[in-house]
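Down below is the structure, laid out as structure tokens.
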Amino acid sequence: MIVITAPTGNIGNQVLHTLLDEAPAHGEALRVVVRDPAKLSAPLRARVDVVPGSHRDPQVVDRAFAGADAVLWIVPPDPAAPTLESAYSGFTRAAARAFTAHGVRHVVGVSALGGGTPLAGRAGLVTASLAMDDLIASTGVAYRALACPSFMENLLGEVGSLRDEGVFTDTCAADRKAPSASTRDIAAAAARLLLDRSWSGTGEVPVLGPEDLSPDDMARVMSETLGRPVRYERRSYEALAAELTGHGLGDAFVQGLIEMKRAKEEGLDDGVPRTPATASPTTFRAWCELVLRPAMAG
């Protein structure tokens, strides 16, 4: 039995659809924890065991993890959380107890790069995510944290600006190269670990994408794939914080996001070498063709 949390989110949904195709051949049943089951199609609900509710709720995870062998653990973003500890470790604490109570043997989590680096303790959202990894590992389960850089899908939040002005923004230098990964590759890594549970102990599985790119590199690729000029504009941390606060995001989340971006600018994501084991296959150009261009057309 494999339990999937956040099955309507970007990564969880892709993992779920992969496992729907592959799990039966491995003798695996699937269970999902979902706050609103209606967000899953009726044919899909018919193929999985559905536990309704939030996976922060002790009663919900108690029901969900009974009889489970493996869990995909994803914490949804909570811009209104009073603290980052509450948003990550606080959200996970009931599940950690349930892993032990029900003898769950393997857990795969979606986390971040930067563990064990000098920047890990002052990286905002990443610091909180790494503390969540430590909490899960302390339960004694076999745990693999998918150590991810920034998602290519973050650019989907810029579709309006790209369509209207041919501009995307961020806070890093225009020539600052960094890894980024597609969520499809992160989901594929999670599905592999959930189906082949020959691993033990705790550790991380980096998902780095196939290349490091700067914002200027990304602008060039987007210009070529979208067939229109795209340029990058750098913005200040202060301007970003003011915009997010103006949209109603909580102080803890906004501060955590800014701290994460500062740490990434200082090299948080640079410590893991790209090898055949850590690289993932989807190039930024392929992602633009498969995901961004259709989103722009929509």
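So you can find residues: chains in the structure tokens are A, B, ... in the order shown, residues in each start at 1, and ligands are numbered from 1 in order.
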(message) Give me, as a ChimeraX atom specification, the residues of range 92-185 of chain A that a backbone DSSP run labels strand (DSSP E or B).
(response) /A:106-112,142-148,150-151,167-170,178-181
Keeping only C-alpha atoms, write the selected residues as a CSV table (one decimal), in the first residue's frame.
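Everything below was put into selection_22.csv:
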```
chain,number,residue,atom,x,y,z
A,106,HIS,CA,9.5,4.0,3.7
A,107,VAL,CA,8.7,7.7,3.2
A,108,VAL,CA,9.6,9.9,0.3
A,109,GLY,CA,9.4,13.7,0.8
A,110,VAL,CA,9.7,16.7,-1.4
A,111,SER,CA,12.3,19.1,0.0
A,112,ALA,CA,15.2,21.3,-1.0
A,142,ALA,CA,13.7,4.8,5.7
A,143,TYR,CA,13.5,8.3,4.3
A,144,ARG,CA,14.5,9.9,1.1
A,145,ALA,CA,14.2,13.7,0.7
A,146,LEU,CA,14.0,14.8,-2.9
A,147,ALA,CA,16.5,17.7,-2.8
A,148,CYS,CA,15.1,20.2,-5.3
A,150,SER,CA,13.8,26.1,-8.0
A,151,PHE,CA,11.0,24.6,-10.1
A,167,VAL,CA,9.0,40.3,-19.3
A,168,PHE,CA,9.7,38.0,-16.3
A,169,THR,CA,11.2,39.1,-13.0
A,170,ASP,CA,13.2,37.7,-10.1
A,178,ALA,CA,21.7,28.0,-11.1
A,179,PRO,CA,20.0,24.7,-11.4
A,180,SER,CA,16.3,24.3,-12.0
A,181,ALA,CA,14.1,21.2,-12.4
```
(message) With distances taken over only C-alpha atoms, which residue among A:Arg235, A:Ala25, A:Pro118, A:Val291 lies nearest Glu153 in chain A?
(response) A:Val291
(request) Identify which of the residues A:Tyr237, A:Ala190, A:Leu113, A:Ala219 lies closest to Pro273 in chain A, counting only C-alpha atoms when measuring atom-to-atom distances. (result) A:Leu113
Please, which residues in range 31-116 of chain A fall within 10 Å of range 240-258 of chain A when counting only C-alpha atoms, and what is the closest atom pair and distance in Å to one decimal for each, ordered by chain then residue number, as a Markdown table?
```
| residue | atom | partner | partner_atom | distance |
| --- | --- | --- | --- | --- |
| A:Pro77 | CA | A:Phe253 | CA | 9.0 |
| A:Asp78 | CA | A:Phe253 | CA | 7.6 |
| A:Pro79 | CA | A:Phe253 | CA | 5.2 |
| A:Ala80 | CA | A:Gly250 | CA | 4.8 |
| A:Ala81 | CA | A:Gly250 | CA | 6.9 |
| A:Pro82 | CA | A:Ala252 | CA | 6.1 |
| A:Thr83 | CA | A:Ala252 | CA | 5.4 |
| A:Leu84 | CA | A:Ala252 | CA | 6.3 |
| A:Glu85 | CA | A:Ala252 | CA | 9.7 |
| A:Ala87 | CA | A:Phe253 | CA | 8.9 |
```
File dump, residues just selected, N, CA, C and O atoms, as a compact mmCIF listing (two decimals), in the first residue's frame:
```txt
# COMPACT_ATOMS: atom_id res chain seq x y z
N PRO A 77 2.04 24.59 0.50
CA PRO A 77 2.45 25.91 0.98
C PRO A 77 1.34 26.55 1.81
O PRO A 77 0.16 26.40 1.51
N ASP A 78 1.74 27.26 2.85
CA ASP A 78 0.77 27.92 3.73
C ASP A 78 1.22 29.37 3.95
O ASP A 78 1.88 29.69 4.94
N PRO A 79 0.85 30.26 3.02
CA PRO A 79 1.29 31.66 3.16
C PRO A 79 0.74 32.36 4.39
O PRO A 79 1.25 33.43 4.75
N ALA A 80 -0.28 31.79 5.04
CA ALA A 80 -0.86 32.43 6.23
C ALA A 80 -0.32 31.86 7.53
O ALA A 80 -0.75 32.30 8.61
N ALA A 81 0.60 30.90 7.48
CA ALA A 81 1.10 30.27 8.71
C ALA A 81 1.77 31.31 9.61
O ALA A 81 2.49 32.19 9.11
N PRO A 82 1.57 31.22 10.92
CA PRO A 82 2.17 32.21 11.82
C PRO A 82 3.68 32.11 11.90
O PRO A 82 4.37 33.10 12.15
N THR A 83 4.22 30.89 11.69
CA THR A 83 5.66 30.68 11.69
C THR A 83 6.00 29.64 10.64
O THR A 83 5.15 28.82 10.25
N LEU A 84 7.25 29.64 10.19
CA LEU A 84 7.67 28.61 9.24
C LEU A 84 7.75 27.24 9.92
O LEU A 84 7.52 26.21 9.28
N GLU A 85 8.05 27.20 11.21
CA GLU A 85 8.06 25.93 11.94
C GLU A 85 6.67 25.31 11.90
O GLU A 85 6.52 24.10 11.68
N ALA A 87 4.42 25.81 9.62
CA ALA A 87 4.07 25.46 8.25
C ALA A 87 4.70 24.16 7.80
O ALA A 87 4.12 23.46 6.95
```
(message) Here is a test: counting only C-alpha atoms, which residue of A:Val50, A:Val205, A:Ala239, A:Leu194 is nearest to Thr275 in chain A?
(response) A:Val205
(request) Measuring atom to atom with only C-alpha atoms, identify which of A:Leu119, A:Val159, A:Ala23, A:Ala38 is nearest to Glu265 in chain A. (result) A:Leu119
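Our summary of the geometry notes that CA of Pro24 in chain A is positioned 17.9 Å from CA of Ser198 in chain A.
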Could you build a table of the residues in range 113-199 of chain A lying no more than 9 Å from range 292-296 of chain A, giving for each the nearest pair of atoms and their separation in Å rounded to one decimal place, using only C-alpha atoms, ordered by chain and ascending residue number, as a tab-separated table?
```
residue	atom	partner	partner_atom	distance
A:Glu153	CA	A:Leu292	CA	8.3
A:Leu155	CA	A:Leu292	CA	8.0
A:Leu156	CA	A:Leu292	CA	6.9
A:Val159	CA	A:Met296	CA	6.1
A:Gly160	CA	A:Met296	CA	8.1
A:Leu162	CA	A:Met296	CA	8.0
A:Arg163	CA	A:Met296	CA	6.5
```
(request) Rank nothing, just name the residue among A:Arg231, A:Arg197, A:Arg262, A:Arg184 nearest to Gly12 in chain A, using only C-alpha atoms. (result) A:Arg184
(request) Tell me which protein, DNA and RNA residues are within 8 Å of Ser54 in chain A, counting only C-alpha atoms, leaving out same-chain ones fewer than 2 positions away, and put them as number ranges by chain. (result) A: 33-35, 52, 56-57, 60
Preceding selection exported with C-alpha atoms as a PDB file, in the first residue's frame:
```pdb
ATOM      1  CA  VAL A  33      -5.289  11.838   1.360  1.00  0.00           C
ATOM      2  CA  VAL A  34      -7.215  14.762  -0.098  1.00  0.00           C
ATOM      3  CA  ARG A  35      -8.986  17.672   1.515  1.00  0.00           C
ATOM      4  CA  PRO A  52     -10.770  12.803   3.014  1.00  0.00           C
ATOM      5  CA  ARG A  56      -2.035  17.729   9.120  1.00  0.00           C
ATOM      6  CA  ASP A  57      -4.960  16.253  11.088  1.00  0.00           C
ATOM      7  CA  VAL A  60      -6.795  11.740   9.184  1.00  0.00           C
TER       8      VAL A  60
END
```
(message) Give me, as a PyMOL selection string, the residues of range 129-284 of chain A that a backbone DSSP run labels alpha helix (DSSP H).
(response) chain A and resi 129-137+159-165+183-195+215-226+237-246+251-265+284
Given the selection you just returned, output its residues as a file containing C-alpha atoms, formatted as a short mmCIF file (atom, residue, chain, number, x, y, z; two decimals), in the first residue's frame.
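Generated file (selection-v8.cif):
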```cif
data_model
loop_
_atom_site.label_atom_id
_atom_site.label_comp_id
_atom_site.auth_asym_id
_atom_site.auth_seq_id
_atom_site.Cartn_x
_atom_site.Cartn_y
_atom_site.Cartn_z
CA SER A 129 11.89 22.24 4.98
CA LEU A 130 15.24 20.75 6.05
CA ALA A 131 14.08 20.75 9.68
CA MET A 132 11.02 18.81 8.53
CA ASP A 133 13.33 16.26 6.90
CA ASP A 134 15.16 15.84 10.21
CA LEU A 135 11.86 15.31 12.01
CA ILE A 136 10.79 12.56 9.62
CA ALA A 137 14.22 10.91 9.74
CA VAL A 159 2.49 34.10 -17.75
CA GLY A 160 0.52 37.35 -17.63
CA SER A 161 3.64 39.49 -17.68
CA LEU A 162 5.24 37.36 -20.38
CA ARG A 163 2.13 37.57 -22.54
CA ASP A 164 1.48 41.28 -22.04
CA GLU A 165 5.00 42.71 -21.77
CA THR A 183 8.14 18.94 -11.54
CA ARG A 184 7.63 16.08 -13.99
CA ASP A 185 11.19 14.92 -13.24
CA ILE A 186 10.69 15.36 -9.49
CA ALA A 187 7.50 13.31 -9.69
CA ALA A 188 9.26 10.63 -11.72
CA ALA A 189 12.01 10.36 -9.10
CA ALA A 190 9.39 10.05 -6.34
CA ALA A 191 7.51 7.33 -8.21
CA ARG A 192 10.69 5.31 -8.74
CA LEU A 193 11.55 5.42 -5.04
CA LEU A 194 8.03 4.46 -4.01
CA LEU A 195 7.91 1.45 -6.32
CA PRO A 215 17.85 34.44 -16.14
CA ASP A 216 19.38 35.84 -19.33
CA ASP A 217 19.84 32.28 -20.62
CA MET A 218 16.20 31.56 -19.82
CA ALA A 219 15.07 34.74 -21.56
CA ARG A 220 16.93 33.65 -24.70
CA VAL A 221 15.37 30.18 -24.66
CA MET A 222 11.89 31.58 -24.05
CA SER A 223 12.33 34.07 -26.89
CA GLU A 224 13.23 31.23 -29.24
CA THR A 225 10.50 28.82 -28.15
CA LEU A 226 7.71 31.39 -27.81
CA TYR A 237 14.01 42.03 -2.29
CA GLU A 238 12.16 44.98 -0.78
CA ALA A 239 9.93 45.40 -3.82
CA LEU A 240 9.08 41.71 -3.90
CA ALA A 241 8.30 41.65 -0.19
CA ALA A 242 6.04 44.69 -0.52
CA GLU A 243 4.15 43.14 -3.43
CA LEU A 244 3.62 39.81 -1.64
CA THR A 245 2.50 41.54 1.54
CA GLY A 246 0.12 43.65 -0.52
CA ASP A 251 4.82 38.04 7.32
CA ALA A 252 6.45 34.70 8.18
CA PHE A 253 6.01 33.34 4.67
CA VAL A 254 7.18 36.53 2.97
CA GLN A 255 10.27 36.76 5.18
CA GLY A 256 10.99 33.07 4.62
CA LEU A 257 10.74 33.47 0.86
CA ILE A 258 13.09 36.47 0.84
CA GLU A 259 15.61 34.65 3.05
CA MET A 260 15.47 31.66 0.69
CA LYS A 261 16.10 33.84 -2.34
CA ARG A 262 19.04 35.56 -0.63
CA ALA A 263 20.55 32.19 0.24
CA LYS A 264 20.12 30.92 -3.31
CA GLU A 265 21.86 34.05 -4.60
CA PHE A 284 14.34 24.16 -19.97
#
```
(request) Compare A:Thr117, A:Thr8, A:Thr202, A:Thr92 by their minimum atom-to-atom distance to Asp36 in chain A, counting only C-alpha atoms, and give me the closest one. (result) A:Thr8
(message) What does the structure give for the distance between CA of Arg93 in chain A and CA of Val75 in chain A, in Å to one decimal?
(response)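 Rounded to one decimal, the two atoms are 11.4 Å apart.
Here CA of Cys172 in chain A stands at a distance of 13.0 Å from CA of Asp269 in chain A.
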